[in-house]
Protein chains: 2
Amino acid sequence: MKIESAADTLSALAHGGRLAIFRLLVKAGPAGLAAGDIARKLDTQPNTMSAQLLVLSNAGLIRARRDGRSIIYTADFDRMGELLQFLTKDCCGGRPEICAPLAQTVNACCPPKKRRA
Amino acid sequence: MKIESAADTLSALAHGGRLAIFRLLVKAGPAGLAAGDIARKLDTQPNTMSAQLLVLSNAGLIRARRDGRSIIYTADFDRMGELLQFLTKDCCGGRPEICAPLAQTVNACCPPKKRRA
DNA sequence: ACAACTATTCACGTATCATTGAATTATTTG
DNA sequence: CAAATAATTCAATGATACGTGAATAGTTGT
């Protein structure tokens with residue numbers, strides 16, 4: 001991931017409302033949530049929500065699919081993974097100080113089962 | 001870290017120039033770099049650089065100390081670690097899909113030597 | 001004190017972003 | 001086809017962010 005792309009992706013998340021949306025979609029998992037449901041949960045107007053979803057979508061952080069009248073949004077885990085890799089690669093290139101606490105968190109969630117060179 | 005604080009921190013990084021500054025400071029490590037040196041390396045005017053450094057500083061991502069006529073900036077690893085923990089905790093709470101590739105990166109840099117409960 | 005150097009602060013114009021009411025598109029149901 | 005539902009797009013407004021020239025503050029050496 002290039003630096004400008006990373007900045008754009010960070011920009012999409014750099015907004016209280018959009019960050020809340022993304023968290024919600026991550027929690028929802030692959031099933032996702034309809035735009036209207038998200039709007040109701042976060043107490044936001046439909047058109048405002050649409051605009052926020054569009055920003056996240058353009059950044060590649062979420063995906064949309066139609067289901068009847070509703071449009072279901074899901075978090076794009078790959079994209080988020082790329083961003084986190086960019087940020088951590090950046091840090092690890094220099095010193096491991098940042099990664100130490102992060103490694104704890106990550107390994108608590110995803111303990112390394114296999115080891116590959 | 002609260003969501004609004006996380007959004008503010010992301011906002012500071014959501015800018016090509018500022019992200020480049022932060023990367024540079026992370027690479028520089030605890031020794032840091034003078035404001036003028038950063039400005040020259042990134043081909044930016046001194047006052048513009050000052051403004052960008054202020055934003056990163058207000059977000060807690062970098063620290064400043066005076067050394068003679070120069071002001072030396074260093075990356076705040078703790079703060080960055082908090083942000084990454086917020087983002088990964090967010091993801092791990094739901095599904096491990098995001099963390100899997102991230103765990104690879106982190107463990108490549110900071111392999112878990114000890115295991116503690 | 002003075003000049004040189006480093007960096008910041010201030011004021012200002014421009015550009016971009018965020019939100020909203022109104023109108024529009026798409027889908028389902030009667 | 002018409003009505004109801006779900007979501008988006010459009011147009012406009014207010015707010016915020018960005019970069020820069022000019023002026024200011026702190027430090028060093030003479």
# chains A, B, ... in the order shown; residues from 1 in each chain; ligands from 1
>>> interface_residues(of="chain A", to="chain D", cutoff="7 Å", atoms="only C-alpha atoms (C1' of nucleotides)", output="list in words")
Ser50, Arg69 and Ser70 of chain A
>>> select_by_dssp(residues="region 11-63 of chain B", states="helix (DSSP H, G or I)", output="ChimeraX atom specification")
/B:11-13,16-31,35-41,46-58
>>> select_by_dssp(residues="region 7-96 of chain A", states="strand (DSSP E)", output="list in words")
Leu33, Ala34, Ile62, Arg63, Ala64, Arg65, Arg66, Asp67, Ser70, Ile71, Ile72, Tyr73, Thr74 and Ala75 of chain A
>>> closest_residue(among="C:DT25, C:DT19, C:DT14, C:DT8", to="chain A", atoms="only C-alpha atoms (C1' of nucleotides)")
C:DT19
>>> calpha_fit_and_write(fixed="chain B", moving="chain A", output="PDB file with C-alpha atoms, in the first residue's frame")
ATOM      1  CA  MET A   1      -8.771   4.870  24.157  1.00  0.00           C
ATOM      2  CA  LYS A   2     -12.158   6.387  23.414  1.00  0.00           C
ATOM      3  CA  ILE A   3     -13.576   6.530  19.951  1.00  0.00           C
ATOM      4  CA  GLU A   4     -13.417  10.317  19.665  1.00  0.00           C
ATOM      5  CA  SER A   5      -9.798  10.313  20.715  1.00  0.00           C
ATOM      6  CA  ALA A   6      -9.073   7.603  18.168  1.00  0.00           C
ATOM      7  CA  ALA A   7     -10.788   9.626  15.458  1.00  0.00           C
ATOM      8  CA  ASP A   8      -8.705  12.669  16.352  1.00  0.00           C
ATOM      9  CA  THR A   9      -5.507  10.667  16.234  1.00  0.00           C
ATOM     10  CA  LEU A  10      -6.451   9.123  12.903  1.00  0.00           C
ATOM     11  CA  SER A  11      -7.270  12.596  11.649  1.00  0.00           C
ATOM     12  CA  ALA A  12      -3.748  13.735  12.373  1.00  0.00           C
ATOM     13  CA  LEU A  13      -2.356  10.875  10.294  1.00  0.00           C
ATOM     14  CA  ALA A  14      -4.913  11.297   7.521  1.00  0.00           C
ATOM     15  CA  HIS A  15      -2.748  13.644   5.513  1.00  0.00           C
ATOM     16  CA  GLY A  16      -0.015  12.679   3.080  1.00  0.00           C
ATOM     17  CA  GLY A  17       2.442  15.222   4.405  1.00  0.00           C
ATOM     18  CA  ARG A  18       1.868  14.457   8.060  1.00  0.00           C
ATOM     19  CA  LEU A  19       1.960  10.722   7.492  1.00  0.00           C
ATOM     20  CA  ALA A  20       5.318  11.176   5.768  1.00  0.00           C
ATOM     21  CA  ILE A  21       6.578  13.193   8.720  1.00  0.00           C
ATOM     22  CA  PHE A  22       5.499  10.532  11.158  1.00  0.00           C
ATOM     23  CA  ARG A  23       7.135   7.748   9.155  1.00  0.00           C
ATOM     24  CA  LEU A  24      10.333   9.739   9.065  1.00  0.00           C
ATOM     25  CA  LEU A  25      10.286  10.229  12.825  1.00  0.00           C
ATOM     26  CA  VAL A  26       9.559   6.571  13.445  1.00  0.00           C
ATOM     27  CA  LYS A  27      12.538   5.666  11.307  1.00  0.00           C
ATOM     28  CA  ALA A  28      14.668   8.226  13.126  1.00  0.00           C
ATOM     29  CA  GLY A  29      13.889   6.548  16.434  1.00  0.00           C
ATOM     30  CA  PRO A  30      14.518   8.132  19.848  1.00  0.00           C
ATOM     31  CA  ALA A  31      17.193  10.451  18.441  1.00  0.00           C
ATOM     32  CA  GLY A  32      14.529  12.274  16.477  1.00  0.00           C
ATOM     33  CA  LEU A  33      14.951  15.007  13.884  1.00  0.00           C
ATOM     34  CA  ALA A  34      15.052  18.800  13.954  1.00  0.00           C
ATOM     35  CA  ALA A  35      12.094  20.628  12.456  1.00  0.00           C
ATOM     36  CA  GLY A  36      14.302  22.175   9.793  1.00  0.00           C
ATOM     37  CA  ASP A  37      15.770  18.821   8.804  1.00  0.00           C
ATOM     38  CA  ILE A  38      12.309  17.366   8.359  1.00  0.00           C
ATOM     39  CA  ALA A  39      11.281  20.365   6.283  1.00  0.00           C
ATOM     40  CA  ARG A  40      14.291  19.973   4.032  1.00  0.00           C
ATOM     41  CA  LYS A  41      13.885  16.227   3.635  1.00  0.00           C
ATOM     42  CA  LEU A  42      10.241  16.564   2.689  1.00  0.00           C
ATOM     43  CA  ASP A  43      10.716  19.744   0.661  1.00  0.00           C
ATOM     44  CA  THR A  44       8.263  21.770   2.720  1.00  0.00           C
ATOM     45  CA  GLN A  45       8.387  25.352   3.906  1.00  0.00           C
ATOM     46  CA  PRO A  46       9.271  25.937   7.559  1.00  0.00           C
ATOM     47  CA  ASN A  47       5.972  27.487   8.570  1.00  0.00           C
ATOM     48  CA  THR A  48       3.952  24.825   6.804  1.00  0.00           C
ATOM     49  CA  MET A  49       6.047  22.198   8.547  1.00  0.00           C
ATOM     50  CA  SER A  50       5.444  23.902  11.875  1.00  0.00           C
ATOM     51  CA  ALA A  51       1.712  23.716  11.359  1.00  0.00           C
ATOM     52  CA  GLN A  52       1.878  20.042  10.450  1.00  0.00           C
ATOM     53  CA  LEU A  53       4.100  19.234  13.417  1.00  0.00           C
ATOM     54  CA  LEU A  54       1.665  21.033  15.689  1.00  0.00           C
ATOM     55  CA  VAL A  55      -1.208  18.853  14.513  1.00  0.00           C
ATOM     56  CA  LEU A  56       0.768  15.684  15.135  1.00  0.00           C
ATOM     57  CA  SER A  57       1.872  17.027  18.486  1.00  0.00           C
ATOM     58  CA  ASN A  58      -1.656  17.905  19.581  1.00  0.00           C
ATOM     59  CA  ALA A  59      -2.713  14.396  18.665  1.00  0.00           C
ATOM     60  CA  GLY A  60       0.010  13.075  20.947  1.00  0.00           C
ATOM     61  CA  LEU A  61       1.774  11.249  18.145  1.00  0.00           C
ATOM     62  CA  ILE A  62       5.039  13.160  18.449  1.00  0.00           C
ATOM     63  CA  ARG A  63       6.967  14.981  21.133  1.00  0.00           C
ATOM     64  CA  ALA A  64       9.176  18.054  20.994  1.00  0.00           C
ATOM     65  CA  ARG A  65      12.281  19.017  22.908  1.00  0.00           C
ATOM     66  CA  ARG A  66      14.552  21.977  22.438  1.00  0.00           C
ATOM     67  CA  ASP A  67      18.216  21.484  21.641  1.00  0.00           C
ATOM     68  CA  GLY A  68      19.996  24.777  21.175  1.00  0.00           C
ATOM     69  CA  ARG A  69      18.305  26.664  18.388  1.00  0.00           C
ATOM     70  CA  SER A  70      16.702  23.559  17.025  1.00  0.00           C
ATOM     71  CA  ILE A  71      13.607  21.779  18.180  1.00  0.00           C
ATOM     72  CA  ILE A  72      13.886  18.042  17.974  1.00  0.00           C
ATOM     73  CA  TYR A  73      10.816  15.963  17.298  1.00  0.00           C
ATOM     74  CA  THR A  74      10.428  12.314  18.130  1.00  0.00           C
ATOM     75  CA  ALA A  75       7.661   9.809  17.491  1.00  0.00           C
ATOM     76  CA  ASP A  76       5.597   8.807  20.505  1.00  0.00           C
ATOM     77  CA  PHE A  77       5.577   5.046  20.266  1.00  0.00           C
ATOM     78  CA  ASP A  78       3.195   4.589  23.165  1.00  0.00           C
ATOM     79  CA  ARG A  79       0.533   6.723  21.558  1.00  0.00           C
ATOM     80  CA  MET A  80       0.830   4.923  18.242  1.00  0.00           C
ATOM     81  CA  GLY A  81       0.635   1.636  20.095  1.00  0.00           C
ATOM     82  CA  GLU A  82      -2.594   2.728  21.759  1.00  0.00           C
ATOM     83  CA  LEU A  83      -4.117   3.635  18.435  1.00  0.00           C
ATOM     84  CA  LEU A  84      -3.163   0.322  16.882  1.00  0.00           C
ATOM     85  CA  GLN A  85      -4.539  -1.492  19.891  1.00  0.00           C
ATOM     86  CA  PHE A  86      -7.812   0.358  19.533  1.00  0.00           C
ATOM     87  CA  LEU A  87      -8.059  -0.567  15.870  1.00  0.00           C
ATOM     88  CA  THR A  88      -7.149  -4.193  16.391  1.00  0.00           C
ATOM     89  CA  LYS A  89      -9.209  -4.659  19.505  1.00  0.00           C
ATOM     90  CA  ASP A  90     -12.086  -3.358  17.460  1.00  0.00           C
ATOM     91  CA  CYS A  91     -11.461  -5.992  14.847  1.00  0.00           C
ATOM     92  CA  CYS A  92     -10.626  -8.886  17.072  1.00  0.00           C
ATOM     93  CA  GLY A  93     -13.779  -8.420  19.091  1.00  0.00           C
ATOM     94  CA  GLY A  94     -15.695  -9.741  16.139  1.00  0.00           C
ATOM     95  CA  ARG A  95     -13.742 -11.951  13.809  1.00  0.00           C
ATOM     96  CA  PRO A  96     -10.095 -12.854  13.524  1.00  0.00           C
ATOM     97  CA  GLU A  97     -10.010 -12.377   9.740  1.00  0.00           C
ATOM     98  CA  ILE A  98      -8.314  -9.014   9.974  1.00  0.00           C
ATOM     99  CA  CYS A  99      -5.798 -10.088  12.528  1.00  0.00           C
ATOM    100  CA  ALA A 100      -4.517 -13.125  10.701  1.00  0.00           C
ATOM    101  CA  PRO A 101      -2.370 -11.221   8.198  1.00  0.00           C
ATOM    102  CA  LEU A 102      -1.558  -8.603  10.796  1.00  0.00           C
ATOM    103  CA  ALA A 103      -0.376 -11.234  13.228  1.00  0.00           C
ATOM    104  CA  GLN A 104       2.046 -12.437  10.589  1.00  0.00           C
ATOM    105  CA  THR A 105       3.525  -8.990  10.171  1.00  0.00           C
ATOM    106  CA  VAL A 106       3.730  -8.259  13.848  1.00  0.00           C
ATOM    107  CA  ASN A 107       5.170 -11.615  14.773  1.00  0.00           C
ATOM    108  CA  ALA A 108       7.741 -11.336  12.034  1.00  0.00           C
ATOM    109  CA  CYS A 109       8.959  -8.177  13.732  1.00  0.00           C
ATOM    110  CA  CYS A 110       8.286  -8.983  17.371  1.00  0.00           C
ATOM    111  CA  PRO A 111       8.169 -12.747  17.844  1.00  0.00           C
ATOM    112  CA  PRO A 112       6.476 -13.713  21.124  1.00  0.00           C
ATOM    113  CA  LYS A 113       9.215 -14.919  23.425  1.00  0.00           C
ATOM    114  CA  LYS A 114       7.320 -15.220  26.652  1.00  0.00           C
ATOM    115  CA  ARG A 115       3.786 -16.309  27.257  1.00  0.00           C
ATOM    116  CA  ARG A 116       1.856 -14.845  30.136  1.00  0.00           C
ATOM    117  CA  ALA A 117      -1.742 -15.390  31.161  1.00  0.00           C
TER     118      ALA A 117
END
>>> interface_residues(of="chain C", to="chain B", cutoff="10 Å", atoms="only C-alpha atoms (C1' of nucleotides)", output="ChimeraX atom specification")
/C:5-9
>>> write_last_selection(atoms="N, CA and C atoms (P, O5', C5', C4', C3', O3' and C1' of nucleotides)", output="PDB file, in the first residue's frame")
ATOM      1  P    DC C   5      23.174  33.027   8.830  1.00  0.00           P
ATOM      2  O5'  DC C   5      22.331  32.126   9.845  1.00  0.00           O
ATOM      3  C5'  DC C   5      22.994  31.492  10.946  1.00  0.00           C
ATOM      4  C4'  DC C   5      21.999  30.750  11.792  1.00  0.00           C
ATOM      5  C3'  DC C   5      20.960  29.946  10.997  1.00  0.00           C
ATOM      6  O3'  DC C   5      20.924  28.625  11.496  1.00  0.00           O
ATOM      7  C1'  DC C   5      19.914  31.303  12.632  1.00  0.00           C
ATOM      8  P    DT C   6      20.070  27.497  10.711  1.00  0.00           P
ATOM      9  O5'  DT C   6      18.827  27.274  11.685  1.00  0.00           O
ATOM     10  C5'  DT C   6      19.046  26.935  13.048  1.00  0.00           C
ATOM     11  C4'  DT C   6      17.732  26.862  13.767  1.00  0.00           C
ATOM     12  C3'  DT C   6      16.622  26.179  12.971  1.00  0.00           C
ATOM     13  O3'  DT C   6      16.104  25.095  13.722  1.00  0.00           O
ATOM     14  C1'  DT C   6      15.884  28.243  13.867  1.00  0.00           C
ATOM     15  P    DA C   7      15.061  24.113  13.107  1.00  0.00           P
ATOM     16  O5'  DA C   7      13.703  24.788  13.580  1.00  0.00           O
ATOM     17  C5'  DA C   7      13.492  24.968  14.979  1.00  0.00           C
ATOM     18  C4'  DA C   7      12.312  25.885  15.207  1.00  0.00           C
ATOM     19  C3'  DA C   7      11.001  25.440  14.544  1.00  0.00           C
ATOM     20  O3'  DA C   7      10.151  24.889  15.541  1.00  0.00           O
ATOM     21  C1'  DA C   7      11.356  27.813  14.456  1.00  0.00           C
ATOM     22  P    DT C   8       8.643  24.522  15.212  1.00  0.00           P
ATOM     23  O5'  DT C   8       7.866  25.863  15.592  1.00  0.00           O
ATOM     24  C5'  DT C   8       8.096  26.447  16.874  1.00  0.00           C
ATOM     25  C4'  DT C   8       7.372  27.772  16.981  1.00  0.00           C
ATOM     26  C3'  DT C   8       5.861  27.680  16.795  1.00  0.00           C
ATOM     27  O3'  DT C   8       5.219  28.208  17.940  1.00  0.00           O
ATOM     28  C1'  DT C   8       6.793  29.427  15.480  1.00  0.00           C
ATOM     29  P    DT C   9       3.654  28.086  18.146  1.00  0.00           P
ATOM     30  O5'  DT C   9       3.132  29.499  17.609  1.00  0.00           O
ATOM     31  C5'  DT C   9       3.576  30.686  18.250  1.00  0.00           C
ATOM     32  C4'  DT C   9       3.035  31.904  17.522  1.00  0.00           C
ATOM     33  C3'  DT C   9       1.511  31.901  17.287  1.00  0.00           C
ATOM     34  O3'  DT C   9       0.994  33.140  17.755  1.00  0.00           O
ATOM     35  C1'  DT C   9       2.673  32.379  15.282  1.00  0.00           C
TER      36       DT C   9
END
